[in-house]
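Below: one structure, written as structure tokens.
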Amino acid sequence: MIPVHPIVPLAAVTLLLGAGFYGWLLWMWSGRRWWWIAHVLVALPLSAAVNVLVKAPVGRTVERVSGIEPGSTPGLPLWFYAFALMLAPLTEEAIKVAPLLVKRLRVPVATPRGAYITGLALGVGFGLGEAVYLAFAIARSGSYVDVPWFQFTGFLNERVVTMLLHATMVAVMLVIAQRGHWLLGYLAAVAMHASTNVGALLYQLGIVSQMVAGLWLLVVLIAAVLVLQWLWRVTQPPVSAEDSSQTVYFTRDA
Amino acid sequence: MQAPEISRIQDGSQDQGDMHFQEGVHSQESDSGASRFAVFRPKPSFGWLWALALGLFILLSTIPVAVLPSGGEPVPVGIRVMMGAFALLGLAFFVTAAYFPRMRYTLGPDALVLTYGPLLYYRIPYANIDDVRSTDLVISLWSSARVPGLALWKVPYTDVGNVFMCSTRAARGVLLIRAGKKLYGISPAEERAFVDALLLRVRGSGAVAGDA
């Protein structure tokens with residue numbers, strides 16, 4: 001029997017749950033259409049690509065040049081923490097929208113609502129791929145092999161939440177970019193991403209406890225939902241009587 | 001209909017056990033049009049299956065953590081308590097699924113009554129009804145008691161705000177009833193027949209009916 005890392009079952013559940021739930025939301029919000037699936041699919045390998053091809057080499061280069069070994073050097077300089085904080089946002093937010101270099105995938109971004117849905121789809125795809133990548137990395141490292149499979153629910157919870165956060169960041173970026181401000185949109189997404197990671201960084205610095213870091217993630221999640229609600233309203237297309245989905249049977253105001 | 005049942009409806013009683021409804025569309029309208037009960041069922045859906053699956057998922061993911069030992073070390077009491085709370089949530093989904101067949105829309109003499117077994121009771125006086133329309137709603141990300149095919153209690157929607165739902169449709173094809181500042185969402189299986197019967201009673205209540 002081939003040994004299977006205990007993270008595998010809940011990693012599979014994470015993918016099914018994330019794809020199912022966010023796929024349903026995208027289907028509902030896109031007006032029950034399926035064009036966004038292409039954006040989810042092309043975004044799947046992006047997390048692995050940016051980690052393997054960009055973040056890891058850049059991190060190793062910085063460590064070699066500075067002589068810093070994060071695992072052994074005590075009292076790392078502050079600039080290194082700033083670098084660690086910003087590396088992911090700067091690189092990941094850029095690669096998330098890389099598929100839009102393909103003209104056919106860029107078409108929906110012509111409208112505000114299309115930009116919103118496209119951003120969500122790219123973010124969800126990135127988040128799904130990231131979950132696969134992380135599960136694979138954990139399994140390959142041999143860590144946590146003694147942990148029972150049912151205790152990886154923390155992985156499930158964190159990944160499902162992170163998918164939503166990634167979706168929010170790209171949606172913000174594209175809604176702003178759709179109005180002609182690509183750089184501003186990118187910087188807004190980078191800022192959101194960095195602020196999400198601040199809790200974890202402060203915990204590593206010993207400034208806050210693990211519970212506070214966890215609460216910070218909860219605050220970020222609530223803020224993301226509020227942002228998505230606000231984006232939905234500001235990207236509302238004009239409603240005409242012809243395409244109204246309502247049937248009015250009675251109204252006292254008539 | 002017997003007078004005790006009618007008065008029970010008017011009193012807003014939640015005791016459904018002694019009520020003898022005639023199931024299905026009640027087409028026997030009197031001249032007044034407002035003295036008979038008419039009971040309507042909701043549109044069929046698999047909402048009960050979603051609720052059941054969610055309850056099962058929650059229980060399967062929480063009970064092992066609380067019960068089974070981890071690497072020889074006992075699970076902390078705090079974790080067990082938290083898992084117990086999640087288990088109760090799972091049971092709540094089971095109970096919700098169990099009462100799915102009991103969803104009803106009852107047109108009484110003075111009010112429309114929405115019920116979901118003993119779990120939900122909304123009474124909407126005809127005189128308060130301002131607007132009735134069928135529409136598609138936009139799902140919000142905020143947590144609420146709604147799954148595909150089932151929406152209950154107060155559910156926030158992005159486009160219209162909070163809606164008091166008793167529906168087998170979470171968003172699409174919801175019959176939205178506005179009564180004052182409150183919105184109610186239902187999904188009668190025979191929507192046109194229901195609306196006709198409802199408007200008959202709304203007119204009979206003395207309210208000015210602006211039929212669209």
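For the structure tokens, the naming scheme is as follows: chains receive sequential letters (A, B, ...) according to their order of presentation, residues are indexed from 1 within each chain, and ligands are indexed from 1 in presentation order.
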
Point to revise | Neighbours of chain B in chain A at 8 Å, counting only C-alpha atoms, as a list in words | key: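 Every residue of chain A that passes the 8 Å test is in Leu25, Met28, Trp29, Asp146, Val147, Pro148, Phe150, Gln151, Thr153, Val225, Gln229, Trp232, Arg233, Ser245, Gln246, Thr247, Val248, Tyr249, Phe250, Thr251, Arg252, Asp253 and Ala254 of chain A.
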
Save out the residues we just selected, N, CA, C and O atoms, as a PDB file, in the first residue's frame.
```pdb
ATOM      1  N   LEU A  25     -20.976  30.676  -6.170  1.00  0.00           N
ATOM      2  CA  LEU A  25     -21.095  32.128  -6.044  1.00  0.00           C
ATOM      3  C   LEU A  25     -20.812  32.820  -7.379  1.00  0.00           C
ATOM      4  O   LEU A  25     -21.543  33.733  -7.785  1.00  0.00           O
ATOM      5  N   MET A  28     -23.717  32.383  -9.681  1.00  0.00           N
ATOM      6  CA  MET A  28     -24.847  33.241  -9.315  1.00  0.00           C
ATOM      7  C   MET A  28     -24.564  34.691  -9.691  1.00  0.00           C
ATOM      8  O   MET A  28     -25.393  35.378 -10.274  1.00  0.00           O
ATOM      9  N   TRP A  29     -23.385  35.206  -9.312  1.00  0.00           N
ATOM     10  CA  TRP A  29     -23.071  36.613  -9.473  1.00  0.00           C
ATOM     11  C   TRP A  29     -22.829  36.994 -10.929  1.00  0.00           C
ATOM     12  O   TRP A  29     -22.947  38.159 -11.281  1.00  0.00           O
ATOM     13  N   ASP A 146       2.766  12.401  11.618  1.00  0.00           N
ATOM     14  CA  ASP A 146       2.169  11.730  12.762  1.00  0.00           C
ATOM     15  C   ASP A 146       0.848  12.356  13.194  1.00  0.00           C
ATOM     16  O   ASP A 146       0.226  11.880  14.150  1.00  0.00           O
ATOM     17  N   VAL A 147       0.443  13.415  12.513  1.00  0.00           N
ATOM     18  CA  VAL A 147      -0.815  14.082  12.870  1.00  0.00           C
ATOM     19  C   VAL A 147      -1.968  13.346  12.196  1.00  0.00           C
ATOM     20  O   VAL A 147      -1.911  13.086  10.990  1.00  0.00           O
ATOM     21  N   PRO A 148      -3.019  12.974  12.943  1.00  0.00           N
ATOM     22  CA  PRO A 148      -4.158  12.292  12.318  1.00  0.00           C
ATOM     23  C   PRO A 148      -4.790  13.162  11.238  1.00  0.00           C
ATOM     24  O   PRO A 148      -4.814  14.380  11.337  1.00  0.00           O
ATOM     25  N   PHE A 150      -7.738  13.892  10.449  1.00  0.00           N
ATOM     26  CA  PHE A 150      -8.886  14.743  10.775  1.00  0.00           C
ATOM     27  C   PHE A 150      -8.468  15.992  11.542  1.00  0.00           C
ATOM     28  O   PHE A 150      -9.302  16.845  11.838  1.00  0.00           O
ATOM     29  N   GLN A 151      -7.191  16.108  11.883  1.00  0.00           N
ATOM     30  CA  GLN A 151      -6.746  17.310  12.577  1.00  0.00           C
ATOM     31  C   GLN A 151      -6.136  18.334  11.636  1.00  0.00           C
ATOM     32  O   GLN A 151      -5.508  19.290  12.076  1.00  0.00           O
ATOM     33  N   THR A 153      -8.030  20.159   9.867  1.00  0.00           N
ATOM     34  CA  THR A 153      -9.145  21.071   9.600  1.00  0.00           C
ATOM     35  C   THR A 153      -8.673  22.524   9.603  1.00  0.00           C
ATOM     36  O   THR A 153      -9.282  23.377   8.954  1.00  0.00           O
ATOM     37  N   VAL A 225     -15.245  40.914   2.992  1.00  0.00           N
ATOM     38  CA  VAL A 225     -16.664  40.752   2.639  1.00  0.00           C
ATOM     39  C   VAL A 225     -17.308  42.110   2.413  1.00  0.00           C
ATOM     40  O   VAL A 225     -18.072  42.312   1.457  1.00  0.00           O
ATOM     41  N   GLN A 229     -18.975  43.483  -1.070  1.00  0.00           N
ATOM     42  CA  GLN A 229     -20.339  44.016  -1.129  1.00  0.00           C
ATOM     43  C   GLN A 229     -20.329  45.405  -1.765  1.00  0.00           C
ATOM     44  O   GLN A 229     -21.195  45.756  -2.587  1.00  0.00           O
ATOM     45  N   TRP A 232     -19.666  45.232  -5.470  1.00  0.00           N
ATOM     46  CA  TRP A 232     -20.866  44.781  -6.196  1.00  0.00           C
ATOM     47  C   TRP A 232     -21.769  45.969  -6.501  1.00  0.00           C
ATOM     48  O   TRP A 232     -22.308  46.088  -7.604  1.00  0.00           O
ATOM     49  N   ARG A 233     -21.917  46.851  -5.519  1.00  0.00           N
ATOM     50  CA  ARG A 233     -22.817  47.988  -5.733  1.00  0.00           C
ATOM     51  C   ARG A 233     -22.235  48.969  -6.746  1.00  0.00           C
ATOM     52  O   ARG A 233     -22.950  49.471  -7.613  1.00  0.00           O
ATOM     53  N   SER A 245     -35.487  41.245 -14.516  1.00  0.00           N
ATOM     54  CA  SER A 245     -35.905  39.877 -14.228  1.00  0.00           C
ATOM     55  C   SER A 245     -37.109  39.871 -13.299  1.00  0.00           C
ATOM     56  O   SER A 245     -37.456  38.830 -12.778  1.00  0.00           O
ATOM     57  N   GLN A 246     -37.740  41.016 -13.076  1.00  0.00           N
ATOM     58  CA  GLN A 246     -38.848  41.089 -12.141  1.00  0.00           C
ATOM     59  C   GLN A 246     -40.182  41.004 -12.856  1.00  0.00           C
ATOM     60  O   GLN A 246     -40.340  41.462 -13.982  1.00  0.00           O
ATOM     61  N   THR A 247     -41.149  40.408 -12.143  1.00  0.00           N
ATOM     62  CA  THR A 247     -42.548  40.433 -12.565  1.00  0.00           C
ATOM     63  C   THR A 247     -43.328  41.058 -11.422  1.00  0.00           C
ATOM     64  O   THR A 247     -43.441  40.460 -10.352  1.00  0.00           O
ATOM     65  N   VAL A 248     -43.835  42.262 -11.656  1.00  0.00           N
ATOM     66  CA  VAL A 248     -44.545  42.961 -10.586  1.00  0.00           C
ATOM     67  C   VAL A 248     -46.016  42.594 -10.659  1.00  0.00           C
ATOM     68  O   VAL A 248     -46.694  42.871 -11.654  1.00  0.00           O
ATOM     69  N   TYR A 249     -46.535  41.970  -9.604  1.00  0.00           N
ATOM     70  CA  TYR A 249     -47.938  41.570  -9.557  1.00  0.00           C
ATOM     71  C   TYR A 249     -48.803  42.659  -8.927  1.00  0.00           C
ATOM     72  O   TYR A 249     -49.970  42.840  -9.290  1.00  0.00           O
ATOM     73  N   PHE A 250     -48.253  43.353  -7.952  1.00  0.00           N
ATOM     74  CA  PHE A 250     -49.053  44.318  -7.219  1.00  0.00           C
ATOM     75  C   PHE A 250     -48.121  45.294  -6.552  1.00  0.00           C
ATOM     76  O   PHE A 250     -47.087  44.929  -6.007  1.00  0.00           O
ATOM     77  N   THR A 251     -48.502  46.579  -6.617  1.00  0.00           N
ATOM     78  CA  THR A 251     -47.755  47.564  -5.862  1.00  0.00           C
ATOM     79  C   THR A 251     -48.683  48.670  -5.440  1.00  0.00           C
ATOM     80  O   THR A 251     -49.438  49.196  -6.257  1.00  0.00           O
ATOM     81  N   ARG A 252     -48.641  49.016  -4.199  1.00  0.00           N
ATOM     82  CA  ARG A 252     -49.535  50.024  -3.668  1.00  0.00           C
ATOM     83  C   ARG A 252     -49.158  51.405  -4.135  1.00  0.00           C
ATOM     84  O   ARG A 252     -49.944  52.312  -4.174  1.00  0.00           O
ATOM     85  N   ASP A 253     -47.873  51.544  -4.547  1.00  0.00           N
ATOM     86  CA  ASP A 253     -47.390  52.858  -4.949  1.00  0.00           C
ATOM     87  C   ASP A 253     -47.838  53.240  -6.332  1.00  0.00           C
ATOM     88  O   ASP A 253     -47.667  54.352  -6.762  1.00  0.00           O
ATOM     89  N   ALA A 254     -48.395  52.274  -7.134  1.00  0.00           N
ATOM     90  CA  ALA A 254     -48.777  52.563  -8.522  1.00  0.00           C
ATOM     91  C   ALA A 254     -49.969  53.487  -8.605  1.00  0.00           C
ATOM     92  O   ALA A 254     -50.850  53.420  -7.745  1.00  0.00           O
TER      93      ALA A 254
END
```

Exercise for review: Determine which residues of range 14-205 of chain B DSSP labels as strand (DSSP E) from the backbone of this structure, then write them out as number ranges by chain.
Suggested key: B: 38-40, 103-107, 111-116, 121-125, 129-135, 146-147, 150-157, 161-167, 174-179, 182-186

Point to revise | For Leu174 in chain A: contacts at 7 Å, only C-alpha atoms, fewer than 6 positions along chain excluded, given as a list in words | key: Ala115, Tyr116, Gly119 and Gly185 of chain A

**Study point:** Given only C-alpha atoms as the counted atoms, nearest of A:His5, A:Arg179, A:Arg64, A:Arg104 to His39 in chain A
**Key:** A:Arg104

Practice item. Give the alpha helix (DSSP H) residues of range 39-158 of chain A, as DSSP finds them on the backbone, and put them as JSON, numbers by chain. Key: {"A": [39, 40, 41, 42, 43, 46, 47, 48, 49, 50, 56, 57, 58, 59, 60, 61, 62, 63, 64, 65, 66, 78, 79, 80, 81, 82, 83, 84, 85, 86, 87, 88, 89, 90, 91, 92, 93, 94, 95, 96, 103, 104, 105, 106, 112, 113, 114, 115, 116, 117, 118, 119, 120, 121, 122, 123, 124, 125, 126, 127, 128, 129, 130, 131, 132, 133, 134, 135, 136, 137, 138, 139, 140, 141, 153, 154, 155, 156, 157, 158]}

Contacts of Ala189 in chain A at 10 Å or less, counting only C-alpha atoms, minus same-chain residues fewer than 6 places along, as an mmCIF file with N, CA and C atoms, in the first residue's frame?
```cif
data_model
loop_
_atom_site.group_PDB
_atom_site.id
_atom_site.type_symbol
_atom_site.label_atom_id
_atom_site.label_comp_id
_atom_site.auth_asym_id
_atom_site.auth_seq_id
_atom_site.Cartn_x
_atom_site.Cartn_y
_atom_site.Cartn_z
ATOM 1 N N PRO A 89 3.155 39.797 -1.669
ATOM 2 C CA PRO A 89 2.205 40.700 -2.315
ATOM 3 C C PRO A 89 2.680 41.231 -3.667
ATOM 4 N N LEU A 90 3.939 41.661 -3.732
ATOM 5 C CA LEU A 90 4.446 42.252 -4.972
ATOM 6 C C LEU A 90 4.473 41.243 -6.120
ATOM 7 N N GLU A 92 2.883 37.999 -6.168
ATOM 8 C CA GLU A 92 1.651 37.256 -6.413
ATOM 9 C C GLU A 92 0.582 38.116 -7.065
ATOM 10 N N GLU A 93 0.468 39.379 -6.654
ATOM 11 C CA GLU A 93 -0.558 40.229 -7.269
ATOM 12 C C GLU A 93 -0.263 40.478 -8.740
ATOM 13 N N ALA A 94 0.993 40.451 -9.083
ATOM 14 C CA ALA A 94 1.350 40.637 -10.497
ATOM 15 C C ALA A 94 1.022 39.393 -11.313
ATOM 16 N N HIS A 166 -7.879 36.199 -1.677
ATOM 17 C CA HIS A 166 -7.245 36.353 -2.988
ATOM 18 C C HIS A 166 -8.243 36.898 -4.009
ATOM 19 N N THR A 168 -10.817 38.741 -3.462
ATOM 20 C CA THR A 168 -11.096 40.151 -3.172
ATOM 21 C C THR A 168 -9.993 41.051 -3.708
ATOM 22 N N MET A 169 -8.759 40.632 -3.500
ATOM 23 C CA MET A 169 -7.621 41.459 -3.933
ATOM 24 C C MET A 169 -7.644 41.672 -5.449
ATOM 25 N N VAL A 170 -7.846 40.603 -6.183
ATOM 26 C CA VAL A 170 -7.826 40.728 -7.645
ATOM 27 C C VAL A 170 -9.050 41.493 -8.128
ATOM 28 N N ALA A 171 -10.183 41.302 -7.458
ATOM 29 C CA ALA A 171 -11.381 42.049 -7.842
ATOM 30 C C ALA A 171 -11.156 43.548 -7.663
ATOM 31 N N VAL A 172 -10.558 43.918 -6.539
ATOM 32 C CA VAL A 172 -10.237 45.335 -6.300
ATOM 33 C C VAL A 172 -9.307 45.856 -7.390
ATOM 34 N N MET A 173 -8.283 45.087 -7.688
ATOM 35 C CA MET A 173 -7.298 45.518 -8.680
ATOM 36 C C MET A 173 -7.968 45.738 -10.032
ATOM 37 N N LEU A 174 -8.782 44.823 -10.468
ATOM 38 C CA LEU A 174 -9.345 44.907 -11.811
ATOM 39 C C LEU A 174 -10.448 45.958 -11.909
ATOM 40 N N ILE A 176 -10.510 48.748 -10.303
ATOM 41 C CA ILE A 176 -9.789 50.016 -10.424
ATOM 42 C C ILE A 176 -9.117 50.118 -11.783
ATOM 43 N N LEU A 183 -1.886 50.774 -12.498
ATOM 44 C CA LEU A 183 -0.871 50.828 -11.439
ATOM 45 C C LEU A 183 -1.530 51.028 -10.080
ATOM 46 N N SER A 195 -1.343 43.887 4.178
ATOM 47 C CA SER A 195 -2.054 44.083 5.449
ATOM 48 C C SER A 195 -2.594 42.757 5.976
#
```

Review point. Which residue, A:Gly199, A:Gly129, A:Gly123, A:Gly18, has the smallest gap to Ala49 in chain A when you use only C-alpha atoms?
Key: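 Ranking A:Gly199, A:Gly129, A:Gly123, A:Gly18 by distance to Ala49 in chain A, first place goes to A:Gly129.
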
Review point. For Tyr81 in chain A, which residue out of A:Leu226, A:Gln204, A:Val102, A:Thr196 is the nearest one, using only C-alpha atoms?
Key: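 Going through A:Leu226, A:Gln204, A:Val102, A:Thr196 one by one, the smallest distance to Tyr81 in chain A is for A:Gln204.
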
Revision key, fill the gap. As a check of understanding: the span from CA of Pro44 in chain B to CA of Ala193 in chain B is 16.4 Å

Exercise for review: To one decimal in Å, tell me the separation between CA of Gly67 in chain A and CA of Thr91 in chain A.
Suggested key: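 According to the coordinates, CA of Gly67 in chain A and CA of Thr91 in chain A are separated by 22.8 Å.
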
Practice item. Name the closest residue to Phe155 in chain A among the candidates A:Tyr133, A:Val4, A:Thr14, A:Val97; distances are taken between atoms, counting only C-alpha atoms. Key: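 Answer, going by the shortest atom-to-atom distance: A:Thr14.
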
Practice item. Tell me, in Å to one decimal, how far CA of Lys154 in chain B is from CA of Leu17 in chain A. Key: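 That distance, rounded to one decimal, is 24.6 Å.
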
Residue contacts of Pro3 in chain A (12 Å, only C-alpha atoms) excluding same-chain residues fewer than 2 positions away, as a PDB file with N, CA and C atoms, in the first residue's frame:
```pdb
ATOM      1  N   MET A   1       0.833  -1.195   0.000  1.00  0.00           N
ATOM      2  CA  MET A   1       0.000   0.000   0.000  1.00  0.00           C
ATOM      3  C   MET A   1       0.872   1.252   0.000  1.00  0.00           C
ATOM      4  N   HIS A   5       0.258  10.843   2.773  1.00  0.00           N
ATOM      5  CA  HIS A   5       0.382  11.822   3.859  1.00  0.00           C
ATOM      6  C   HIS A   5      -1.004  12.135   4.411  1.00  0.00           C
ATOM      7  N   PRO A   6      -1.121  12.275   5.731  1.00  0.00           N
ATOM      8  CA  PRO A   6      -2.451  12.512   6.319  1.00  0.00           C
ATOM      9  C   PRO A   6      -3.112  13.807   5.893  1.00  0.00           C
ATOM     10  N   ILE A   7      -2.391  14.713   5.246  1.00  0.00           N
ATOM     11  CA  ILE A   7      -3.028  15.957   4.818  1.00  0.00           C
ATOM     12  C   ILE A   7      -3.878  15.750   3.565  1.00  0.00           C
ATOM     13  N   VAL A   8      -3.615  14.663   2.853  1.00  0.00           N
ATOM     14  CA  VAL A   8      -4.259  14.464   1.552  1.00  0.00           C
ATOM     15  C   VAL A   8      -5.796  14.468   1.615  1.00  0.00           C
ATOM     16  N   ALA A 139       3.342  17.621   2.221  1.00  0.00           N
ATOM     17  CA  ALA A 139       3.476  16.168   2.081  1.00  0.00           C
ATOM     18  C   ALA A 139       4.897  15.789   1.699  1.00  0.00           C
ATOM     19  N   ARG A 140       5.485  16.546   0.799  1.00  0.00           N
ATOM     20  CA  ARG A 140       6.838  16.211   0.335  1.00  0.00           C
ATOM     21  C   ARG A 140       7.878  16.448   1.417  1.00  0.00           C
ATOM     22  N   GLY A 142       7.546  15.843   4.477  1.00  0.00           N
ATOM     23  CA  GLY A 142       7.489  14.816   5.519  1.00  0.00           C
ATOM     24  C   GLY A 142       7.059  15.347   6.869  1.00  0.00           C
ATOM     25  N   VAL A 145       3.604  14.059   9.646  1.00  0.00           N
ATOM     26  CA  VAL A 145       3.157  12.718   9.240  1.00  0.00           C
ATOM     27  C   VAL A 145       2.464  11.986  10.383  1.00  0.00           C
TER      28      VAL A 145
END
```

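Closest approach to Leu202 in chain A among A:Ala84, A:Ala121, A:Val160, A:Val40: A:Ala84, based on only C-alpha atoms.
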
Exercise for review: For Phe100 in chain B, list every protein, DNA or RNA residue within 12 Å, evaluated using only C-alpha atoms, and leave out those in the same chain fewer than 2 positions away; present the list as a ChimeraX atom specification.
Suggested key: /B:41-52,93-98,102-104,115-120,149-152,166-168

Practice item. Find the spatial neighbours of range 51-56 of chain A, counting only C-alpha atoms, within a cut-off of 8 Å - ignore same-chain residues fewer than 2 positions away - and output them as an MDAnalysis selection string. Key: chainID A and resid 47:49 58:60 87:88 91
